[in-house]
Amino acid sequence: DRARTFYAAVLGWQAQQGDPSFGGYFNFARGGSLVAGCMTADAQAPVSDIWSVYLAVDDAAKTIETATGAGGQVIVPADRVGDLGTFGFFVDPTGAAVGVWQAGQHKGFGIVGEHGAPGWFELYTRDYAGALAFYTEVFGWRTQVLSDTDEFRYSVVLGSGEDQAAGVMDAAAWLPEGVPPHWAVYFGVDDCDAAVAAVREHGGTVMEGPSDTPYGRIAHVTDPMGANFRL
């Protein structure tokens, strides 16, 4: 309920009705398009409130098998979710958890890069070369080096054509001890400062920023439950 209230206020999301047959899982939408999903955290899980990234695949079972062969560790094997699709979840060899989604009736989010929509996805890893090798093998990624210095080592993942879909960052020098490698999600906003003010007003925490970068104005925040995301 707190998530419903917070994300409606900060990003203008509408929370759809939960489905009891799927543990109360529900979708967030904006302007009629799906943007994210939400479910109650497993009380036995090592972490609770987090945002997870799911990568679209044609065959979830085959992808999980390939990921395992490339050194990944399966958390949830490929599992069909009614007619909606098939998902799986694993930890890559560098320690970052990520999911896969083979779409059925549920195609994933419907808008990207707009206010209140997913805008960017980024992997922070202590094994930059290992991560690039793994995701290239498992998902057939094409990558382009954006920077290759000790201060900033970063590659972008190219989607269809030359469209950039995600980033991989060498975080070995700055990722705090005890914080595992992980995928981060950015949500687009029209006004980063106004969004940060809304985060504070509705019980969230500002971890860093807002700050200007060559790619836009960015802030790192958490929701009231402690889930990290970027604006």
# chains A, B, ... in the order shown; residues from 1 in each chain; ligands from 1
>>> select_by_dssp(residues="segment 11-144 of chain A", states="strand (DSSP E or B)", output="PDB file with N, CA, C and O atoms, in the first residue's frame")
ATOM      1  N   GLN A  14      -0.467   4.611 -11.843  1.00  0.00           N
ATOM      2  CA  GLN A  14      -1.729   4.037 -11.367  1.00  0.00           C
ATOM      3  C   GLN A  14      -1.497   2.559 -11.054  1.00  0.00           C
ATOM      4  O   GLN A  14      -0.948   1.831 -11.888  1.00  0.00           O
ATOM      5  N   ALA A  15      -1.870   2.151  -9.845  1.00  0.00           N
ATOM      6  CA  ALA A  15      -1.702   0.762  -9.435  1.00  0.00           C
ATOM      7  C   ALA A  15      -2.928  -0.040  -9.845  1.00  0.00           C
ATOM      8  O   ALA A  15      -4.051   0.290  -9.452  1.00  0.00           O
ATOM      9  N   ASP A  19      -3.634  -9.655  -8.426  1.00  0.00           N
ATOM     10  CA  ASP A  19      -4.201 -10.954  -8.791  1.00  0.00           C
ATOM     11  C   ASP A  19      -3.907 -11.950  -7.677  1.00  0.00           C
ATOM     12  O   ASP A  19      -2.753 -12.343  -7.482  1.00  0.00           O
ATOM     13  N   TYR A  25       0.346 -10.054  -6.888  1.00  0.00           N
ATOM     14  CA  TYR A  25       1.175  -9.276  -7.816  1.00  0.00           C
ATOM     15  C   TYR A  25       0.273  -8.335  -8.619  1.00  0.00           C
ATOM     16  O   TYR A  25      -0.789  -8.724  -9.102  1.00  0.00           O
ATOM     17  N   PHE A  26       0.737  -7.083  -8.757  1.00  0.00           N
ATOM     18  CA  PHE A  26      -0.025  -6.157  -9.582  1.00  0.00           C
ATOM     19  C   PHE A  26       0.918  -5.339 -10.453  1.00  0.00           C
ATOM     20  O   PHE A  26       2.128  -5.273 -10.207  1.00  0.00           O
ATOM     21  N   ASN A  27       0.354  -4.718 -11.470  1.00  0.00           N
ATOM     22  CA  ASN A  27       1.121  -3.871 -12.385  1.00  0.00           C
ATOM     23  C   ASN A  27       0.885  -2.403 -12.080  1.00  0.00           C
ATOM     24  O   ASN A  27      -0.209  -2.000 -11.679  1.00  0.00           O
ATOM     25  N   PHE A  28       1.915  -1.603 -12.303  1.00  0.00           N
ATOM     26  CA  PHE A  28       1.784  -0.161 -12.333  1.00  0.00           C
ATOM     27  C   PHE A  28       1.638   0.269 -13.792  1.00  0.00           C
ATOM     28  O   PHE A  28       2.305  -0.277 -14.679  1.00  0.00           O
ATOM     29  N   ALA A  29       0.797   1.262 -14.032  1.00  0.00           N
ATOM     30  CA  ALA A  29       0.629   1.791 -15.379  1.00  0.00           C
ATOM     31  C   ALA A  29       0.713   3.316 -15.335  1.00  0.00           C
ATOM     32  O   ALA A  29       0.523   3.941 -14.282  1.00  0.00           O
ATOM     33  N   ARG A  30       1.008   3.883 -16.467  1.00  0.00           N
ATOM     34  CA  ARG A  30       0.959   5.336 -16.618  1.00  0.00           C
ATOM     35  C   ARG A  30       0.354   5.645 -17.975  1.00  0.00           C
ATOM     36  O   ARG A  30       0.848   5.184 -19.007  1.00  0.00           O
ATOM     37  N   SER A  33      -0.365   2.627 -20.219  1.00  0.00           N
ATOM     38  CA  SER A  33       0.734   1.737 -20.596  1.00  0.00           C
ATOM     39  C   SER A  33       1.411   1.175 -19.352  1.00  0.00           C
ATOM     40  O   SER A  33       1.643   1.908 -18.380  1.00  0.00           O
ATOM     41  N   LEU A  34       1.747  -0.106 -19.383  1.00  0.00           N
ATOM     42  CA  LEU A  34       2.428  -0.716 -18.248  1.00  0.00           C
ATOM     43  C   LEU A  34       3.853  -0.165 -18.119  1.00  0.00           C
ATOM     44  O   LEU A  34       4.533   0.047 -19.115  1.00  0.00           O
ATOM     45  N   VAL A  35       4.268   0.050 -16.862  1.00  0.00           N
ATOM     46  CA  VAL A  35       5.621   0.565 -16.633  1.00  0.00           C
ATOM     47  C   VAL A  35       6.415  -0.285 -15.645  1.00  0.00           C
ATOM     48  O   VAL A  35       7.647  -0.244 -15.640  1.00  0.00           O
ATOM     49  N   ALA A  36       5.746  -1.056 -14.784  1.00  0.00           N
ATOM     50  CA  ALA A  36       6.468  -1.831 -13.771  1.00  0.00           C
ATOM     51  C   ALA A  36       5.499  -2.792 -13.086  1.00  0.00           C
ATOM     52  O   ALA A  36       4.284  -2.730 -13.290  1.00  0.00           O
ATOM     53  N   GLY A  37       6.060  -3.663 -12.249  1.00  0.00           N
ATOM     54  CA  GLY A  37       5.256  -4.586 -11.463  1.00  0.00           C
ATOM     55  C   GLY A  37       5.616  -4.484  -9.990  1.00  0.00           C
ATOM     56  O   GLY A  37       6.664  -3.933  -9.634  1.00  0.00           O
ATOM     57  N   CYS A  38       4.751  -5.012  -9.135  1.00  0.00           N
ATOM     58  CA  CYS A  38       4.996  -4.940  -7.694  1.00  0.00           C
ATOM     59  C   CYS A  38       4.428  -6.185  -7.017  1.00  0.00           C
ATOM     60  O   CYS A  38       3.355  -6.661  -7.368  1.00  0.00           O
ATOM     61  N   TYR A  54      14.264  -7.356 -15.525  1.00  0.00           N
ATOM     62  CA  TYR A  54      14.034  -8.575 -16.303  1.00  0.00           C
ATOM     63  C   TYR A  54      14.361  -8.298 -17.764  1.00  0.00           C
ATOM     64  O   TYR A  54      13.864  -7.329 -18.333  1.00  0.00           O
ATOM     65  N   LEU A  55      15.180  -9.137 -18.344  1.00  0.00           N
ATOM     66  CA  LEU A  55      15.573  -8.993 -19.744  1.00  0.00           C
ATOM     67  C   LEU A  55      14.677  -9.872 -20.620  1.00  0.00           C
ATOM     68  O   LEU A  55      14.444 -11.037 -20.313  1.00  0.00           O
ATOM     69  N   ALA A  56      14.192  -9.296 -21.703  1.00  0.00           N
ATOM     70  CA  ALA A  56      13.306 -10.029 -22.611  1.00  0.00           C
ATOM     71  C   ALA A  56      14.084 -11.090 -23.377  1.00  0.00           C
ATOM     72  O   ALA A  56      15.171 -10.831 -23.882  1.00  0.00           O
ATOM     73  N   GLN A  73      24.259 -18.669 -11.593  1.00  0.00           N
ATOM     74  CA  GLN A  73      23.664 -19.504 -10.551  1.00  0.00           C
ATOM     75  C   GLN A  73      22.153 -19.281 -10.533  1.00  0.00           C
ATOM     76  O   GLN A  73      21.681 -18.165 -10.306  1.00  0.00           O
ATOM     77  N   VAL A  74      21.393 -20.327 -10.783  1.00  0.00           N
ATOM     78  CA  VAL A  74      19.948 -20.202 -10.904  1.00  0.00           C
ATOM     79  C   VAL A  74      19.301 -20.010  -9.533  1.00  0.00           C
ATOM     80  O   VAL A  74      19.574 -20.759  -8.592  1.00  0.00           O
ATOM     81  N   ILE A  75      18.441 -19.012  -9.433  1.00  0.00           N
ATOM     82  CA  ILE A  75      17.622 -18.808  -8.235  1.00  0.00           C
ATOM     83  C   ILE A  75      16.229 -19.381  -8.471  1.00  0.00           C
ATOM     84  O   ILE A  75      15.690 -20.103  -7.646  1.00  0.00           O
ATOM     85  N   VAL A  76      15.637 -19.044  -9.619  1.00  0.00           N
ATOM     86  CA  VAL A  76      14.326 -19.579 -10.004  1.00  0.00           C
ATOM     87  C   VAL A  76      14.449 -20.118 -11.419  1.00  0.00           C
ATOM     88  O   VAL A  76      14.724 -19.353 -12.348  1.00  0.00           O
ATOM     89  N   PRO A  77      14.281 -21.420 -11.632  1.00  0.00           N
ATOM     90  CA  PRO A  77      14.317 -21.956 -12.999  1.00  0.00           C
ATOM     91  C   PRO A  77      13.127 -21.441 -13.792  1.00  0.00           C
ATOM     92  O   PRO A  77      12.175 -20.887 -13.229  1.00  0.00           O
ATOM     93  N   ALA A  78      13.168 -21.608 -15.096  1.00  0.00           N
ATOM     94  CA  ALA A  78      12.089 -21.121 -15.958  1.00  0.00           C
ATOM     95  C   ALA A  78      10.742 -21.630 -15.459  1.00  0.00           C
ATOM     96  O   ALA A  78      10.553 -22.832 -15.263  1.00  0.00           O
ATOM     97  N   ASP A  79       9.812 -20.726 -15.231  1.00  0.00           N
ATOM     98  CA  ASP A  79       8.532 -21.056 -14.629  1.00  0.00           C
ATOM     99  C   ASP A  79       7.433 -20.286 -15.350  1.00  0.00           C
ATOM    100  O   ASP A  79       7.481 -19.059 -15.442  1.00  0.00           O
ATOM    101  N   ARG A  80       6.450 -20.998 -15.843  1.00  0.00           N
ATOM    102  CA  ARG A  80       5.364 -20.365 -16.582  1.00  0.00           C
ATOM    103  C   ARG A  80       4.392 -19.693 -15.622  1.00  0.00           C
ATOM    104  O   ARG A  80       4.014 -20.256 -14.586  1.00  0.00           O
ATOM    105  N   VAL A  81       3.968 -18.476 -15.985  1.00  0.00           N
ATOM    106  CA  VAL A  81       3.014 -17.707 -15.174  1.00  0.00           C
ATOM    107  C   VAL A  81       1.708 -17.630 -15.958  1.00  0.00           C
ATOM    108  O   VAL A  81       1.397 -16.634 -16.617  1.00  0.00           O
ATOM    109  N   GLY A  85       3.257 -15.369 -19.451  1.00  0.00           N
ATOM    110  CA  GLY A  85       4.606 -15.566 -19.952  1.00  0.00           C
ATOM    111  C   GLY A  85       5.382 -16.511 -19.066  1.00  0.00           C
ATOM    112  O   GLY A  85       4.820 -17.161 -18.176  1.00  0.00           O
ATOM    113  N   THR A  86       6.668 -16.603 -19.290  1.00  0.00           N
ATOM    114  CA  THR A  86       7.547 -17.487 -18.517  1.00  0.00           C
ATOM    115  C   THR A  86       8.722 -16.671 -18.012  1.00  0.00           C
ATOM    116  O   THR A  86       9.315 -15.891 -18.765  1.00  0.00           O
ATOM    117  N   PHE A  87       9.038 -16.839 -16.714  1.00  0.00           N
ATOM    118  CA  PHE A  87      10.150 -16.084 -16.153  1.00  0.00           C
ATOM    119  C   PHE A  87      11.167 -17.012 -15.512  1.00  0.00           C
ATOM    120  O   PHE A  87      10.914 -18.186 -15.248  1.00  0.00           O
ATOM    121  N   GLY A  88      12.339 -16.472 -15.278  1.00  0.00           N
ATOM    122  CA  GLY A  88      13.389 -17.154 -14.534  1.00  0.00           C
ATOM    123  C   GLY A  88      14.250 -16.098 -13.885  1.00  0.00           C
ATOM    124  O   GLY A  88      14.171 -14.909 -14.227  1.00  0.00           O
ATOM    125  N   PHE A  89      15.080 -16.514 -12.931  1.00  0.00           N
ATOM    126  CA  PHE A  89      15.913 -15.549 -12.217  1.00  0.00           C
ATOM    127  C   PHE A  89      17.233 -16.217 -11.864  1.00  0.00           C
ATOM    128  O   PHE A  89      17.258 -17.377 -11.450  1.00  0.00           O
ATOM    129  N   PHE A  90      18.329 -15.499 -12.042  1.00  0.00           N
ATOM    130  CA  PHE A  90      19.632 -16.080 -11.742  1.00  0.00           C
ATOM    131  C   PHE A  90      20.596 -14.990 -11.284  1.00  0.00           C
ATOM    132  O   PHE A  90      20.322 -13.786 -11.406  1.00  0.00           O
ATOM    133  N   VAL A  91      21.725 -15.414 -10.747  1.00  0.00           N
ATOM    134  CA  VAL A  91      22.810 -14.510 -10.394  1.00  0.00           C
ATOM    135  C   VAL A  91      23.925 -14.711 -11.403  1.00  0.00           C
ATOM    136  O   VAL A  91      24.348 -15.843 -11.652  1.00  0.00           O
ATOM    137  N   ALA A  97      22.123 -10.136  -9.572  1.00  0.00           N
ATOM    138  CA  ALA A  97      20.905 -10.888  -9.848  1.00  0.00           C
ATOM    139  C   ALA A  97      20.117 -10.206 -10.963  1.00  0.00           C
ATOM    140  O   ALA A  97      20.014  -8.972 -11.009  1.00  0.00           O
ATOM    141  N   VAL A  98      19.551 -11.006 -11.849  1.00  0.00           N
ATOM    142  CA  VAL A  98      18.764 -10.477 -12.961  1.00  0.00           C
ATOM    143  C   VAL A  98      17.756 -11.527 -13.392  1.00  0.00           C
ATOM    144  O   VAL A  98      17.986 -12.733 -13.228  1.00  0.00           O
ATOM    145  N   GLY A  99      16.632 -11.077 -13.911  1.00  0.00           N
ATOM    146  CA  GLY A  99      15.604 -11.997 -14.362  1.00  0.00           C
ATOM    147  C   GLY A  99      15.504 -12.037 -15.879  1.00  0.00           C
ATOM    148  O   GLY A  99      16.072 -11.192 -16.584  1.00  0.00           O
ATOM    149  N   VAL A 100      14.793 -13.050 -16.373  1.00  0.00           N
ATOM    150  CA  VAL A 100      14.468 -13.123 -17.798  1.00  0.00           C
ATOM    151  C   VAL A 100      12.961 -13.290 -17.926  1.00  0.00           C
ATOM    152  O   VAL A 100      12.299 -13.864 -17.055  1.00  0.00           O
ATOM    153  N   TRP A 101      12.412 -12.759 -18.996  1.00  0.00           N
ATOM    154  CA  TRP A 101      10.968 -12.818 -19.236  1.00  0.00           C
ATOM    155  C   TRP A 101      10.705 -13.177 -20.684  1.00  0.00           C
ATOM    156  O   TRP A 101      11.112 -12.467 -21.606  1.00  0.00           O
ATOM    157  N   GLN A 102      10.023 -14.308 -20.882  1.00  0.00           N
ATOM    158  CA  GLN A 102       9.558 -14.745 -22.191  1.00  0.00           C
ATOM    159  C   GLN A 102       8.092 -14.370 -22.278  1.00  0.00           C
ATOM    160  O   GLN A 102       7.244 -14.947 -21.598  1.00  0.00           O
ATOM    161  N   ALA A 103       7.778 -13.388 -23.074  1.00  0.00           N
ATOM    162  CA  ALA A 103       6.447 -12.806 -23.071  1.00  0.00           C
ATOM    163  C   ALA A 103       5.388 -13.742 -23.627  1.00  0.00           C
ATOM    164  O   ALA A 103       5.607 -14.443 -24.621  1.00  0.00           O
ATOM    165  N   PRO A 118      10.273   3.696 -17.454  1.00  0.00           N
ATOM    166  CA  PRO A 118      11.676   3.267 -17.405  1.00  0.00           C
ATOM    167  C   PRO A 118      12.498   4.040 -18.429  1.00  0.00           C
ATOM    168  O   PRO A 118      12.062   4.225 -19.572  1.00  0.00           O
ATOM    169  N   GLY A 119      13.681   4.505 -18.009  1.00  0.00           N
ATOM    170  CA  GLY A 119      14.490   5.310 -18.903  1.00  0.00           C
ATOM    171  C   GLY A 119      15.854   4.712 -19.224  1.00  0.00           C
ATOM    172  O   GLY A 119      16.405   4.960 -20.284  1.00  0.00           O
ATOM    173  N   TRP A 120      16.386   3.911 -18.297  1.00  0.00           N
ATOM    174  CA  TRP A 120      17.724   3.351 -18.509  1.00  0.00           C
ATOM    175  C   TRP A 120      17.945   2.231 -17.519  1.00  0.00           C
ATOM    176  O   TRP A 120      17.338   2.219 -16.434  1.00  0.00           O
ATOM    177  N   PHE A 121      18.812   1.272 -17.886  1.00  0.00           N
ATOM    178  CA  PHE A 121      19.161   0.148 -17.020  1.00  0.00           C
ATOM    179  C   PHE A 121      20.676   0.041 -16.992  1.00  0.00           C
ATOM    180  O   PHE A 121      21.328   0.205 -18.011  1.00  0.00           O
ATOM    181  N   GLU A 122      21.231  -0.258 -15.815  1.00  0.00           N
ATOM    182  CA  GLU A 122      22.673  -0.171 -15.651  1.00  0.00           C
ATOM    183  C   GLU A 122      23.163  -1.252 -14.696  1.00  0.00           C
ATOM    184  O   GLU A 122      22.607  -1.415 -13.606  1.00  0.00           O
ATOM    185  N   LEU A 123      24.188  -1.964 -15.117  1.00  0.00           N
ATOM    186  CA  LEU A 123      24.806  -2.989 -14.278  1.00  0.00           C
ATOM    187  C   LEU A 123      26.054  -2.430 -13.619  1.00  0.00           C
ATOM    188  O   LEU A 123      26.955  -1.951 -14.300  1.00  0.00           O
ATOM    189  N   TYR A 124      26.108  -2.486 -12.284  1.00  0.00           N
ATOM    190  CA  TYR A 124      27.296  -2.112 -11.529  1.00  0.00           C
ATOM    191  C   TYR A 124      27.994  -3.398 -11.097  1.00  0.00           C
ATOM    192  O   TYR A 124      27.421  -4.191 -10.354  1.00  0.00           O
ATOM    193  N   THR A 125      29.208  -3.609 -11.558  1.00  0.00           N
ATOM    194  CA  THR A 125      29.895  -4.865 -11.304  1.00  0.00           C
ATOM    195  C   THR A 125      31.345  -4.634 -10.922  1.00  0.00           C
ATOM    196  O   THR A 125      31.969  -3.652 -11.362  1.00  0.00           O
ATOM    197  N   ARG A 142      25.579  -6.880 -28.264  1.00  0.00           N
ATOM    198  CA  ARG A 142      26.625  -6.107 -28.920  1.00  0.00           C
ATOM    199  C   ARG A 142      26.910  -4.919 -28.012  1.00  0.00           C
ATOM    200  O   ARG A 142      25.989  -4.230 -27.568  1.00  0.00           O
ATOM    201  N   THR A 143      28.169  -4.698 -27.709  1.00  0.00           N
ATOM    202  CA  THR A 143      28.515  -3.622 -26.791  1.00  0.00           C
ATOM    203  C   THR A 143      29.444  -2.619 -27.471  1.00  0.00           C
ATOM    204  O   THR A 143      30.169  -2.957 -28.406  1.00  0.00           O
ATOM    205  N   GLN A 144      29.386  -1.411 -26.970  1.00  0.00           N
ATOM    206  CA  GLN A 144      30.212  -0.327 -27.489  1.00  0.00           C
ATOM    207  C   GLN A 144      30.865   0.375 -26.302  1.00  0.00           C
ATOM    208  O   GLN A 144      30.167   0.804 -25.371  1.00  0.00           O
TER     209      GLN A 144
END
>>> residues_around(residues="segment 173-190 of chain A", least_positions_apart="5", cutoff="10 Å", atoms="only C-alpha atoms", output="CSV table (one decimal) with N, CA and C atoms, in the first residue's frame")
chain,number,residue,atom,x,y,z
A,10,VAL,N,5.0,10.3,-6.8
A,10,VAL,CA,6.3,10.7,-7.4
A,10,VAL,C,6.3,10.6,-8.9
A,11,LEU,N,5.8,9.5,-9.5
A,11,LEU,CA,5.9,9.3,-10.9
A,11,LEU,C,4.5,9.3,-11.6
A,35,VAL,N,4.3,0.0,-16.9
A,35,VAL,CA,5.6,0.6,-16.6
A,35,VAL,C,6.4,-0.3,-15.6
A,50,ILE,N,13.5,-4.2,-3.2
A,50,ILE,CA,14.4,-3.9,-4.2
A,50,ILE,C,13.7,-3.8,-5.6
A,51,TRP,N,14.3,-3.1,-6.5
A,51,TRP,CA,13.8,-3.1,-7.9
A,51,TRP,C,14.6,-4.2,-8.6
A,52,SER,N,14.0,-5.0,-9.4
A,52,SER,CA,14.6,-6.0,-10.2
A,52,SER,C,14.4,-5.7,-11.7
A,53,VAL,N,15.4,-6.1,-12.5
A,53,VAL,CA,15.4,-5.9,-13.9
A,53,VAL,C,15.2,-7.3,-14.6
A,54,TYR,N,14.3,-7.4,-15.5
A,54,TYR,CA,14.0,-8.6,-16.3
A,54,TYR,C,14.4,-8.3,-17.8
A,91,VAL,N,21.7,-15.4,-10.7
A,91,VAL,CA,22.8,-14.5,-10.4
A,91,VAL,C,23.9,-14.7,-11.4
A,92,ASP,N,24.4,-13.6,-12.0
A,92,ASP,CA,25.5,-13.8,-13.0
A,92,ASP,C,26.8,-14.1,-12.3
A,94,THR,N,29.4,-12.5,-11.8
A,94,THR,CA,30.0,-11.4,-11.0
A,94,THR,C,29.2,-11.1,-9.8
A,95,GLY,N,28.0,-11.8,-9.6
A,95,GLY,CA,27.3,-11.6,-8.3
A,95,GLY,C,26.0,-10.7,-8.5
A,96,ALA,N,25.6,-10.3,-9.7
A,96,ALA,CA,24.4,-9.5,-9.9
A,96,ALA,C,23.3,-10.4,-10.2
A,97,ALA,N,22.1,-10.1,-9.6
A,97,ALA,CA,20.9,-10.9,-9.8
A,97,ALA,C,20.1,-10.2,-11.0
A,98,VAL,N,19.6,-11.0,-11.8
A,98,VAL,CA,18.8,-10.5,-13.0
A,98,VAL,C,17.8,-11.5,-13.4
A,112,VAL,N,8.9,3.9,-22.8
A,112,VAL,CA,10.2,4.0,-22.3
A,112,VAL,C,10.7,5.5,-22.6
A,113,GLY,N,11.5,6.0,-21.6
A,113,GLY,CA,12.2,7.3,-21.8
A,113,GLY,C,11.3,8.5,-21.6
A,114,GLU,N,10.0,8.3,-21.2
A,114,GLU,CA,9.1,9.4,-20.9
A,114,GLU,C,9.0,9.6,-19.4
A,115,HIS,N,8.4,10.7,-19.1
A,115,HIS,CA,8.1,11.0,-17.6
A,115,HIS,C,7.4,9.8,-17.0
A,116,GLY,N,7.9,9.2,-15.9
A,116,GLY,CA,7.2,8.2,-15.2
A,116,GLY,C,7.4,6.8,-15.9
A,117,ALA,N,8.3,6.7,-16.9
A,117,ALA,CA,8.5,5.4,-17.5
A,117,ALA,C,10.0,5.0,-17.3
A,118,PRO,N,10.3,3.7,-17.5
A,118,PRO,CA,11.7,3.3,-17.4
A,118,PRO,C,12.5,4.0,-18.4
A,119,GLY,N,13.7,4.5,-18.0
A,119,GLY,CA,14.5,5.3,-18.9
A,119,GLY,C,15.9,4.7,-19.2
A,120,TRP,N,16.4,3.9,-18.3
A,120,TRP,CA,17.7,3.4,-18.5
A,120,TRP,C,17.9,2.2,-17.5
A,121,PHE,N,18.8,1.3,-17.9
A,121,PHE,CA,19.2,0.1,-17.0
A,121,PHE,C,20.7,0.0,-17.0
A,122,GLU,N,21.2,-0.3,-15.8
A,122,GLU,CA,22.7,-0.2,-15.7
A,122,GLU,C,23.2,-1.3,-14.7
A,123,LEU,N,24.2,-2.0,-15.1
A,123,LEU,CA,24.8,-3.0,-14.3
A,123,LEU,C,26.1,-2.4,-13.6
A,124,TYR,N,26.1,-2.5,-12.3
A,124,TYR,CA,27.3,-2.1,-11.5
A,124,TYR,C,28.0,-3.4,-11.1
A,125,THR,N,29.2,-3.6,-11.6
A,125,THR,CA,29.9,-4.9,-11.3
A,125,THR,C,31.3,-4.6,-10.9
A,126,ARG,N,31.9,-5.5,-10.1
A,126,ARG,CA,33.3,-5.5,-9.8
A,126,ARG,C,34.2,-6.2,-10.8
A,127,ASP,N,33.5,-7.0,-11.6
A,127,ASP,CA,34.2,-7.8,-12.7
A,127,ASP,C,33.7,-7.3,-14.0
A,150,ASP,N,40.6,4.3,-15.8
A,150,ASP,CA,40.4,3.8,-14.4
A,150,ASP,C,39.3,4.6,-13.7
A,151,GLU,N,39.1,5.8,-14.0
A,151,GLU,CA,38.1,6.7,-13.4
A,151,GLU,C,36.7,6.3,-13.8
A,152,PHE,N,36.6,5.9,-15.1
A,152,PHE,CA,35.2,5.7,-15.6
A,152,PHE,C,35.3,4.7,-16.8
A,166,ALA,N,21.1,-0.4,-22.6
A,166,ALA,CA,21.5,-0.5,-21.2
A,166,ALA,C,23.0,-0.2,-21.1
A,167,GLY,N,23.5,-0.1,-19.9
A,167,GLY,CA,24.9,0.1,-19.6
A,167,GLY,C,25.6,-0.8,-18.7
A,168,VAL,N,26.9,-1.0,-18.8
A,168,VAL,CA,27.6,-1.8,-17.9
A,168,VAL,C,28.8,-1.0,-17.4
A,195,ALA,N,10.9,16.0,-8.9
A,195,ALA,CA,10.7,14.6,-8.5
A,195,ALA,C,11.4,14.3,-7.2
A,196,VAL,N,12.7,14.9,-7.0
A,196,VAL,CA,13.4,14.7,-5.7
A,196,VAL,C,12.6,15.3,-4.6
A,217,ARG,N,20.1,15.3,-16.0
A,217,ARG,CA,20.2,15.5,-14.6
A,217,ARG,C,19.7,14.3,-13.9
A,218,ILE,N,20.5,13.8,-12.9
A,218,ILE,CA,20.3,12.5,-12.3
A,218,ILE,C,20.3,12.6,-10.8
A,219,ALA,N,19.5,11.8,-10.2
A,219,ALA,CA,19.5,11.6,-8.7
A,219,ALA,C,19.3,10.2,-8.3
A,220,HIS,N,19.9,9.8,-7.2
A,220,HIS,CA,19.8,8.4,-6.7
A,220,HIS,C,19.0,8.5,-5.4
A,228,ASN,N,16.1,1.1,-3.9
A,228,ASN,CA,16.9,2.0,-4.6
A,228,ASN,C,16.4,2.2,-6.0
A,229,PHE,N,16.4,3.4,-6.5
A,229,PHE,CA,16.3,3.6,-8.0
A,229,PHE,C,16.9,5.0,-8.3
A,230,ARG,N,16.9,5.3,-9.6
A,230,ARG,CA,17.5,6.5,-10.1
A,230,ARG,C,16.4,7.3,-10.8
A,231,LEU,N,16.6,8.6,-10.8
A,231,LEU,CA,15.7,9.5,-11.6
A,231,LEU,C,16.5,10.2,-12.7
>>> select_by_dssp(residues="segment 61-203 of chain A", states="helix (DSSP H, G or I)", output="ChimeraX atom specification")
/A:61-69,128-139,192-201
>>> residues_around(residues="Pro224 of chain A", least_positions_apart="5", cutoff="10 Å", atoms="only C-alpha atoms", output="number ranges by chain")
A: 2-3, 6, 49, 199-200, 202-205
>>> atom_distance(atom1="atom CA of Gly108 of chain A", atom2="atom CA of Leu84 of chain A")
9.8 Å
>>> residues_around(residues="Thr63 of chain A", least_positions_apart="6", cutoff="8 Å", atoms="only C-alpha atoms", output="count of residues only")
4
>>> atom_distance(atom1="atom CA of Gly104 of chain A", atom2="atom CA of Asp83 of chain A")
5.9 Å
